[in-house]
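Trainee: The structure's right below; bear with me while I get my questions together.
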Amino acid sequence: MITRFAPSPTGHLHIGGARTALFNYLLAKKENGRFVLRIEDTDALRSTEEYTQSILNAMKWLGLSWDGEPIFQRARSQFHREKVLWLVEKGLAYWCHCKPEEIEIGRQKALAEGGKPRYDGRCRELGLGPAPGAAVRFKGPDFGQIGWTDLVKGPIAFDASELDDLVLLRSDDQPTYNLAVVVDDIDMGITDVIRGDDHVNNTPRQILLYRAFGATPPNFGHLPMILGADKSRLSKRHGATSVMAYHDLGYLPEALVNYLARLGWSHGDQEIFSLKEMEGLFSLKNVGKSAAVFNPEKLDWLNAHYLKSREPSDVSNLLKPFLEKRALALPSPQILEKIVLTLRERSKTLDEMAAKAEFYLLDLPKIDPDSAKKLLTPQGLSILARWRELLKSPPNDHGAFENLLRNLAAELAVKPGAAAQPLRLALTGVTASPGLYEVMDILGPQAIQKRIDAALAYAVG
RNA sequence: GUCCCCAUCGUCUAGCCUGGUCCAGGACACCGGCCUUUCACGCCGGCAACACCGGUUCAAAUCCGGUUGGGGACGCCA
């Protein structure tokens with residue numbers, strides 16, 4: 001089995017493309033086949049080197065390694081051209097001298113009259129030859145059915161009369177998508193073409209081309225679209241759509257891969273899958289037929305899960321760029337790991353974790369004014385003053401702090417929570433934070449005193 | 001408009017092929033509770049769906065037909 005992912009470098013790798021790539025990758029792995037990458041850069045105007053690199057990077061980040069070197073389609077245009085000419089020679093394609101503008105007018109008219117816009121084939125039997133501005137069209141059948149058993153959707157059939165004679169070679173001598181895809185898929189020995197739903201309409205045309213070339217068509221499988229919350233096709237206005245945008249937001253590749261896989265595919269009730277595990281489990285039989293809505297909350301949940309289950313040292317390293325982006329000084333690896341340990345159950349993304357880490361890394365935390373108003377009251381300040389005394393020598397384990405807190409609460413006749421909050425505000429600047437013992441363990445005795453002093457001064461000032 | 005595809009909780013889905021074990025299971029989200037120095041995490045519990053109509057059958061989420069709704073395609077883009 002040989003599968004392929006064939007993106008056109010006219011944009012960054014997006015969510016939909018990534019899932020297509022993932023399913024092709026998974027299928028090849030499951031069947032011990034090959035997964036190849038082909039860059040469809042035949043649209044010279046819109047294809048760029050930057051996008052090509054961006055797509056390759058995104059694939060690597062996701063862990064979707066391909067076999068062999070990527071194939072660049074543009075480099076093969078001469079080969080494609082020869083194949084077109086061969087078709088003309090065999091009488092399976094013909095030169096068309098129609099002006100694109102004229103055809104466009106006919107198309108608009110047909111659409112306006114409620115019909116299906118299609119080329120009328122007027123140059124078909126004219127026996128025209130090459131000429132400036134001429135294109136080559138495929139000579140399709142006039143009747144009959146073209147069908148296949150789709151790997152995900154089951155039997156699909158089109159009437160030949162629905163298909164017009166598609167252009168194979170543009171008037172600028174460049175091969176078109178449908179031609180290049182078929183020629184390359186044959187040449188590369190692709191056995192299974194797994195792609196987006198939006199290609200179903202191309203499939204009968206491509207099957208016809210396979211036949212014209214005397215080749216057996218591969219298996220086709222069309223994956224349902226991914227939709228936004230409003231059920232329309234996922235696009236920029238639904239938020240981040242490029243894979244690397246999720247990287248920048250602080251998502252882990254395994255979370256995104258896991259999420260994308262479950263968008264359409266399932267294996268019973270299981271929700272958590274590693275890429276390796278899916279490689280053994282994947283099957284197109286378990287891919288649904290209907291479109292799926294992209295749900296960022298579930299992605300968040302998965303990301304939080306992986307943030308918690310990955311090695312803290314790994315997470316520390318991944319977190320560094322996000323801290324740097326916030327211009328925060330990096331602590332020692334040991335301290336950073338401790339910080340991660342206190343934050344990973346409270347963060348959905350690395351970026352959120354970096355934001356939450358700020359109070360540790362700043363010289364003094366930013367005191368939230370509203371919380372200060374509530375907590376740095378005369379009573380709060382006296383509690384804080386007591387803490388200042390008590391913490392001259394900070395507790396050296398969780399139990400010791402627990403005792404300190406309970407004793408103080410008893411002495412002041414308040415609940416432990418009430419005794420703790422002023423200290424929390426002094427140390428972290430906010431009222432919701434990791435456990436106070438863990439925070440103090442990370443800050444160390446000097447910073448503790450400094451922060452308490454600053455909080456006492458804050459209230460006074 | 002024409003053609004193609006799709007239709008189970010708000011969302012992702014299991015079940016559908018091989019009808020009864022489904023007054024429909026899991027997950028996210030949401031709501032309640034427990035735990036608790038705050039917030040989270042975790043644990044426990046709850047809310048919530050077979051689009052509609054007809055047919056086949058002793059029996060339909062499951063099979064068939066239609067309706068409605070949604071998506072996609074209709075390029076000398078890919």
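Labels used: A, B, ... for chains in the order of the structure tokens, numbers from 1 for residues in each chain, and numbers from 1 for ligands as shown.
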At a cut-off of 12 Å, using only C-alpha atoms (C1' of nucleotides), what residues contact G75 (chain B)? Leave out same-chain residues fewer than 5 positions from it and give the result as an MDAnalysis selection string.
Mentor: chainID A and resid 100:101 103:104 107 117:119 166:167 170 176:178
Trainee: Counting only C-alpha atoms (C1' of nucleotides), which residues of chain B fall within 8 Å of chain A, and what is the closest atom pair for each with its distance in Å at one decimal, ordered by chain and rising number, as a tab-separated table?
Mentor:
```
residue	atom	partner	partner_atom	distance
B:G1	C1'	A:Gly114	CA	3.6
B:U2	C1'	A:Lys116	CA	4.8
B:C3	C1'	A:Glu162	CA	7.0
B:C4	C1'	A:Asn201	CA	6.8
B:C6	C1'	A:Ser290	CA	5.2
B:A7	C1'	A:Ser290	CA	7.7
B:U11	C1'	A:Asn295	CA	6.3
B:C12	C1'	A:Leu263	CA	6.3
B:U13	C1'	A:Ser266	CA	7.1
B:A14	C1'	A:Gly268	CA	5.7
B:G26	C1'	A:Asp269	CA	5.0
B:A27	C1'	A:Glu271	CA	6.7
B:C28	C1'	A:Lys298	CA	4.8
B:A29	C1'	A:Glu297	CA	7.1
B:U37	C1'	A:Gly417	CA	4.9
B:U38	C1'	A:Ala432	CA	4.9
B:C39	C1'	A:Ala432	CA	4.3
B:A40	C1'	A:Arg346	CA	5.0
B:C41	C1'	A:Glu345	CA	5.5
B:G71	C1'	A:Ala291	CA	7.4
B:G72	C1'	A:Asp198	CA	5.6
B:A73	C1'	A:Asn201	CA	5.8
B:C74	C1'	A:Pro117	CA	6.5
B:C76	C1'	A:Arg170	CA	4.6
B:C77	C1'	A:Asp43	CA	7.2
B:A78	C1'	A:Tyr177	CA	6.3
```
Trainee: When you look at region 13-29 of chain A with a cut-off of 6 Å (counting only C-alpha atoms (C1' of nucleotides)), what residues show up, excluding the ones that are within fewer than 4 positions of it in the same chain? I need them as a ChimeraX atom specification.
Mentor: /A:3,5,33-35,55,195,241-243,260,279
Trainee: Those same residues - N, CA and C atoms - I'd like them written as a CSV table (one decimal), in the first residue's frame.
Mentor:
```csv
chain,number,residue,atom,x,y,z
A,3,THR,N,0.2,5.4,0.2
A,3,THR,CA,-0.7,6.5,0.3
A,3,THR,C,0.1,7.8,0.1
A,5,PHE,N,0.1,12.3,0.7
A,5,PHE,CA,-0.5,13.6,1.0
A,5,PHE,C,0.0,14.6,0.0
A,33,GLY,N,2.8,0.0,4.8
A,33,GLY,CA,3.0,0.5,3.4
A,33,GLY,C,3.9,1.8,3.5
A,34,ARG,N,3.8,2.5,2.4
A,34,ARG,CA,4.6,3.8,2.3
A,34,ARG,C,3.7,5.0,2.3
A,35,PHE,N,4.2,6.1,2.9
A,35,PHE,CA,3.4,7.3,2.9
A,35,PHE,C,4.3,8.3,2.3
A,55,ILE,N,4.7,24.0,5.5
A,55,ILE,CA,3.9,22.8,5.5
A,55,ILE,C,4.8,21.6,6.0
A,195,ARG,N,-8.4,11.7,0.6
A,195,ARG,CA,-8.4,13.1,0.5
A,195,ARG,C,-9.7,13.7,1.0
A,241,THR,N,-6.7,28.4,12.3
A,241,THR,CA,-6.9,27.3,11.4
A,241,THR,C,-5.6,26.6,10.9
A,242,SER,N,-4.5,27.3,11.1
A,242,SER,CA,-3.3,26.7,10.7
A,242,SER,C,-2.7,25.9,11.8
A,243,VAL,N,-2.1,24.9,11.5
A,243,VAL,CA,-1.5,24.0,12.5
A,243,VAL,C,-0.5,24.7,13.3
A,260,LEU,N,-7.5,15.5,16.3
A,260,LEU,CA,-7.8,15.4,14.9
A,260,LEU,C,-8.2,14.0,14.5
A,279,GLU,N,-1.3,4.0,15.0
A,279,GLU,CA,-0.7,3.3,13.8
A,279,GLU,C,-1.1,1.8,13.8
```
Trainee: So which one's closest to Ala58 (chain A), A:Val183, A:Met244, A:Leu126, A:Leu390? Using only C-alpha atoms, please.
Mentor: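 Selected residue with least distance to Ala58 (chain A): A:Met244.
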Trainee: Could you jot down the CA of Leu362 (chain A) to CA of Leu323 (chain A) separation for me, Å, one decimal place?
Mentor: 11.3 Å
Trainee: Using only C-alpha atoms (C1' of nucleotides), find the one residue out of B:C52, B:C31, B:U57, B:A24 that sits nearest to G69 (chain B).
Mentor: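 Going through B:C52, B:C31, B:U57, B:A24 one by one, the smallest distance to G69 (chain B) is for B:C52.
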